[in-house]
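Encoded as structure tokens, the structure appears first; notes follow it.
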Amino acid sequence: MKLVTFNSGQVGELRDGTVVELDVPSMREYFDRGQHAEPTGAEYALDDVHLRAPIVPKKFFHTAGNFREHEEESKTVAWSHEIAPWIVFFQNVDAIVGPDEPVVYPEHLTEELDYELELAVVIRKPGKWFGPDEAADYIGGYVIFNDITARDIQRREMRSGVFSYSKAIDTFCPLGPWIVTPDEIPDPHDLKMELRVNGDIRQSSYSGNMSVTIPEIISHYSALGYSAGDVLSTGTVSGVAGFSEDAASLYLKPGDVMDAEIERIGVLRNPVVSWQEAHGEPAPARVRW
């Protein structure tokens with residue numbers, strides 16, 4: 001099953017190109033109700049609706065450093081800090097945007113805008129303190145996440161051993177295009193992952209290259225407590241611009257279009273636009289970190 005949020009916030013099930021509207025006010029409420037909602041009787045062609053981010057969670061658990069290939073590429077460019085496993089922080093849910101919605105380039109804040117393709121998991125029910133063997137019962141679905149990052153800000157943040165601002169700026173959290181339920185993804189560790197910028201492949205890997213499994217990640221974060229509809233990411237793969245030998249030529253710029261694709265889920269497409277295009281006025285004065 002593919003679950004969508006569309007138009008003014010309606011929730012629906014995607015069936016062979018048709019969106020069947022469900023009688024529930026939000027996707028979080030859908031999971032709060034135990035994934036039970038009756039059709040309203042309204043149906044729409046997928047091409048005729050505007051897809052939104054499928055869910056805005058109460059908590060967004062952010063995993064970094066889970067793909068060791070990402071750590072290895074950081075060493076080739078002498079990245080400023082170690083990419084250690086089990087890095088966790090919370091994402092700013094107000095930064096979430098949906099499919100085809102623009103990522104706004106804040107040129108007054110950064111000159112090094114980067115992409116990070118990630119597989120994210122939606123939690124289907126509340127829970128706390130459980131082991132990996134129980135984790136499958138908490139998975140409500142899977143969704144694509146593009147972890148937009150301002151690398152120059154990130155390097156400065158990491159001097160204190162933490163980072164968050166660099167990934168939490170407005171529009172830096174593309175999520176979508178829909179939530180795919182576990183029955184359609186028998187093995188989430190056997191999915192091809194690819195991110196393209198203007199059609200050029202930048203990241204290409206498999207979800208099986210994670211250092212720890214999804215059940216282990218879900219269990220690990222359970223100490224912090226889950227609400228129905230919470231989301232957690234699982235880390236990015238190699239190929240980010242910031243860890244390449246010619247990073248300056250690969251950083252995102254206004255006019256670029258990103259296609260983040262994960263097998264069995266779909267494609268999350270987002271353009272990059274300038275501050276001027278997004279807001280109708282020049283960017284604020286440059287901020288020096």
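Just remember, in the structure tokens the first chain shown is A, the second B, etc., residues are 1-based per chain, and ligands are 1-based in the order shown.
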For the structure I just gave you, how does DSSP split region 17-233 of chain A - specifically, which residues are strand (DSSP E)? Reply as a VMD selection string. chain A and resid 18 to 22 39 to 45 60 to 64 87 to 90 96 to 97 103 to 105 113 to 114 117 to 123 139 to 146 149 to 150 173 to 180 192 to 197 200 to 206 231 to 233
Which residues of region 141-246 of chain A sit at most 7 Å from region 86-101 of chain A, using only C-alpha atoms? Give each one's shortest atom pair and distance in Å (one decimal place), in chain and ascending residue order, as a Markdown table.
```
| residue | atom | partner | partner_atom | distance |
| --- | --- | --- | --- | --- |
| A:Ala168 | CA | A:Asn92 | CA | 5.2 |
| A:Ile169 | CA | A:Ala95 | CA | 6.2 |
| A:Asp170 | CA | A:Ala95 | CA | 4.4 |
| A:Thr171 | CA | A:Ala95 | CA | 4.6 |
| A:Phe172 | CA | A:Ala95 | CA | 5.6 |
| A:Cys173 | CA | A:Ile96 | CA | 4.4 |
| A:Pro174 | CA | A:Val97 | CA | 4.7 |
| A:Leu175 | CA | A:Gly98 | CA | 5.4 |
| A:Gly176 | CA | A:Pro99 | CA | 5.8 |
| A:Pro177 | CA | A:Pro99 | CA | 5.4 |
```
What would the file look like if the residues just selected were written as a short mmCIF file (atom, residue, chain, number, x, y, z; two decimals), in the first residue's frame with C-alpha atoms?
```
data_model
loop_
_atom_site.label_atom_id
_atom_site.label_comp_id
_atom_site.auth_asym_id
_atom_site.auth_seq_id
_atom_site.Cartn_x
_atom_site.Cartn_y
_atom_site.Cartn_z
CA ALA A 168 17.57 22.02 9.83
CA ILE A 169 17.23 25.24 7.83
CA ASP A 170 13.86 25.89 6.19
CA THR A 171 13.15 23.48 3.26
CA PHE A 172 16.20 21.32 4.05
CA CYS A 173 14.07 18.21 4.70
CA PRO A 174 12.46 16.84 1.50
CA LEU A 175 10.32 13.79 2.34
CA GLY A 176 8.18 11.63 0.07
CA PRO A 177 6.74 10.98 -2.37
#
```
Using Å and a single decimal, report how far CA of Ser249 (chain A) sits from CA of Val272 (chain A). 15.5 Å
List as a PyMOL selection string the protein and nucleic acid residues near region 140-153 of chain A, meaning an atom at most 7 Å away when only C-alpha atoms are counted, but skip any in the same chain fewer than 4 places from it. chain A and resi 110+112-124+157+166-167+172-176+178-182+242+260+262+265+268
File of the preceding selection, C-alpha atoms, as a PDB file, in the first residue's frame:
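Below is the file out30.pdb, written as the result:
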```pdb
ATOM      1  CA  THR A 110      25.975  28.933   3.039  1.00  0.00           C
ATOM      2  CA  GLU A 112      28.240  24.681   0.153  1.00  0.00           C
ATOM      3  CA  LEU A 113      24.767  23.185  -0.262  1.00  0.00           C
ATOM      4  CA  ASP A 114      24.803  19.383  -0.393  1.00  0.00           C
ATOM      5  CA  TYR A 115      22.416  16.429  -0.786  1.00  0.00           C
ATOM      6  CA  GLU A 116      22.169  13.129   1.143  1.00  0.00           C
ATOM      7  CA  LEU A 117      19.904  10.302   0.000  1.00  0.00           C
ATOM      8  CA  GLU A 118      18.424   8.306   2.898  1.00  0.00           C
ATOM      9  CA  LEU A 119      15.846   5.617   3.569  1.00  0.00           C
ATOM     10  CA  ALA A 120      13.493   6.650   6.373  1.00  0.00           C
ATOM     11  CA  VAL A 121      11.123   4.578   8.502  1.00  0.00           C
ATOM     12  CA  VAL A 122       7.695   5.608   9.787  1.00  0.00           C
ATOM     13  CA  ILE A 123       6.777   4.301  13.243  1.00  0.00           C
ATOM     14  CA  ARG A 124       3.236   2.939  13.345  1.00  0.00           C
ATOM     15  CA  GLU A 157      29.257  23.234  14.204  1.00  0.00           C
ATOM     16  CA  SER A 166      23.356  22.868   9.078  1.00  0.00           C
ATOM     17  CA  LYS A 167      20.623  20.318   8.330  1.00  0.00           C
ATOM     18  CA  PHE A 172      16.198  21.317   4.051  1.00  0.00           C
ATOM     19  CA  CYS A 173      14.073  18.207   4.696  1.00  0.00           C
ATOM     20  CA  PRO A 174      12.462  16.842   1.501  1.00  0.00           C
ATOM     21  CA  LEU A 175      10.320  13.794   2.341  1.00  0.00           C
ATOM     22  CA  GLY A 176       8.176  11.626   0.073  1.00  0.00           C
ATOM     23  CA  TRP A 178       4.596   8.596  -0.301  1.00  0.00           C
ATOM     24  CA  ILE A 179       4.785   6.062   2.510  1.00  0.00           C
ATOM     25  CA  VAL A 180       5.098   2.464   1.320  1.00  0.00           C
ATOM     26  CA  THR A 181       3.838  -0.109   3.825  1.00  0.00           C
ATOM     27  CA  PRO A 182       6.022  -3.086   4.833  1.00  0.00           C
ATOM     28  CA  GLY A 242      31.237  17.595   0.150  1.00  0.00           C
ATOM     29  CA  ALA A 260      16.240  10.798  -4.997  1.00  0.00           C
ATOM     30  CA  ILE A 262      14.884   4.100  -3.766  1.00  0.00           C
ATOM     31  CA  ILE A 265       9.410   3.204  -3.099  1.00  0.00           C
ATOM     32  CA  LEU A 268      11.428  12.109  -4.698  1.00  0.00           C
TER      33      LEU A 268
END
```
Do a neighbour search on Ala45 (chain A) at 7 Å with only C-alpha atoms, toss out local chain neighbours closer than 6 positions, and write the hits as a count of residues only. 3
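Nearest-residue note for Asp187 (chain A): choosing from A:Val273, A:Val231, A:Ile214, A:Ala241, the minimum distance belongs to A:Ile214, counting only C-alpha atoms.
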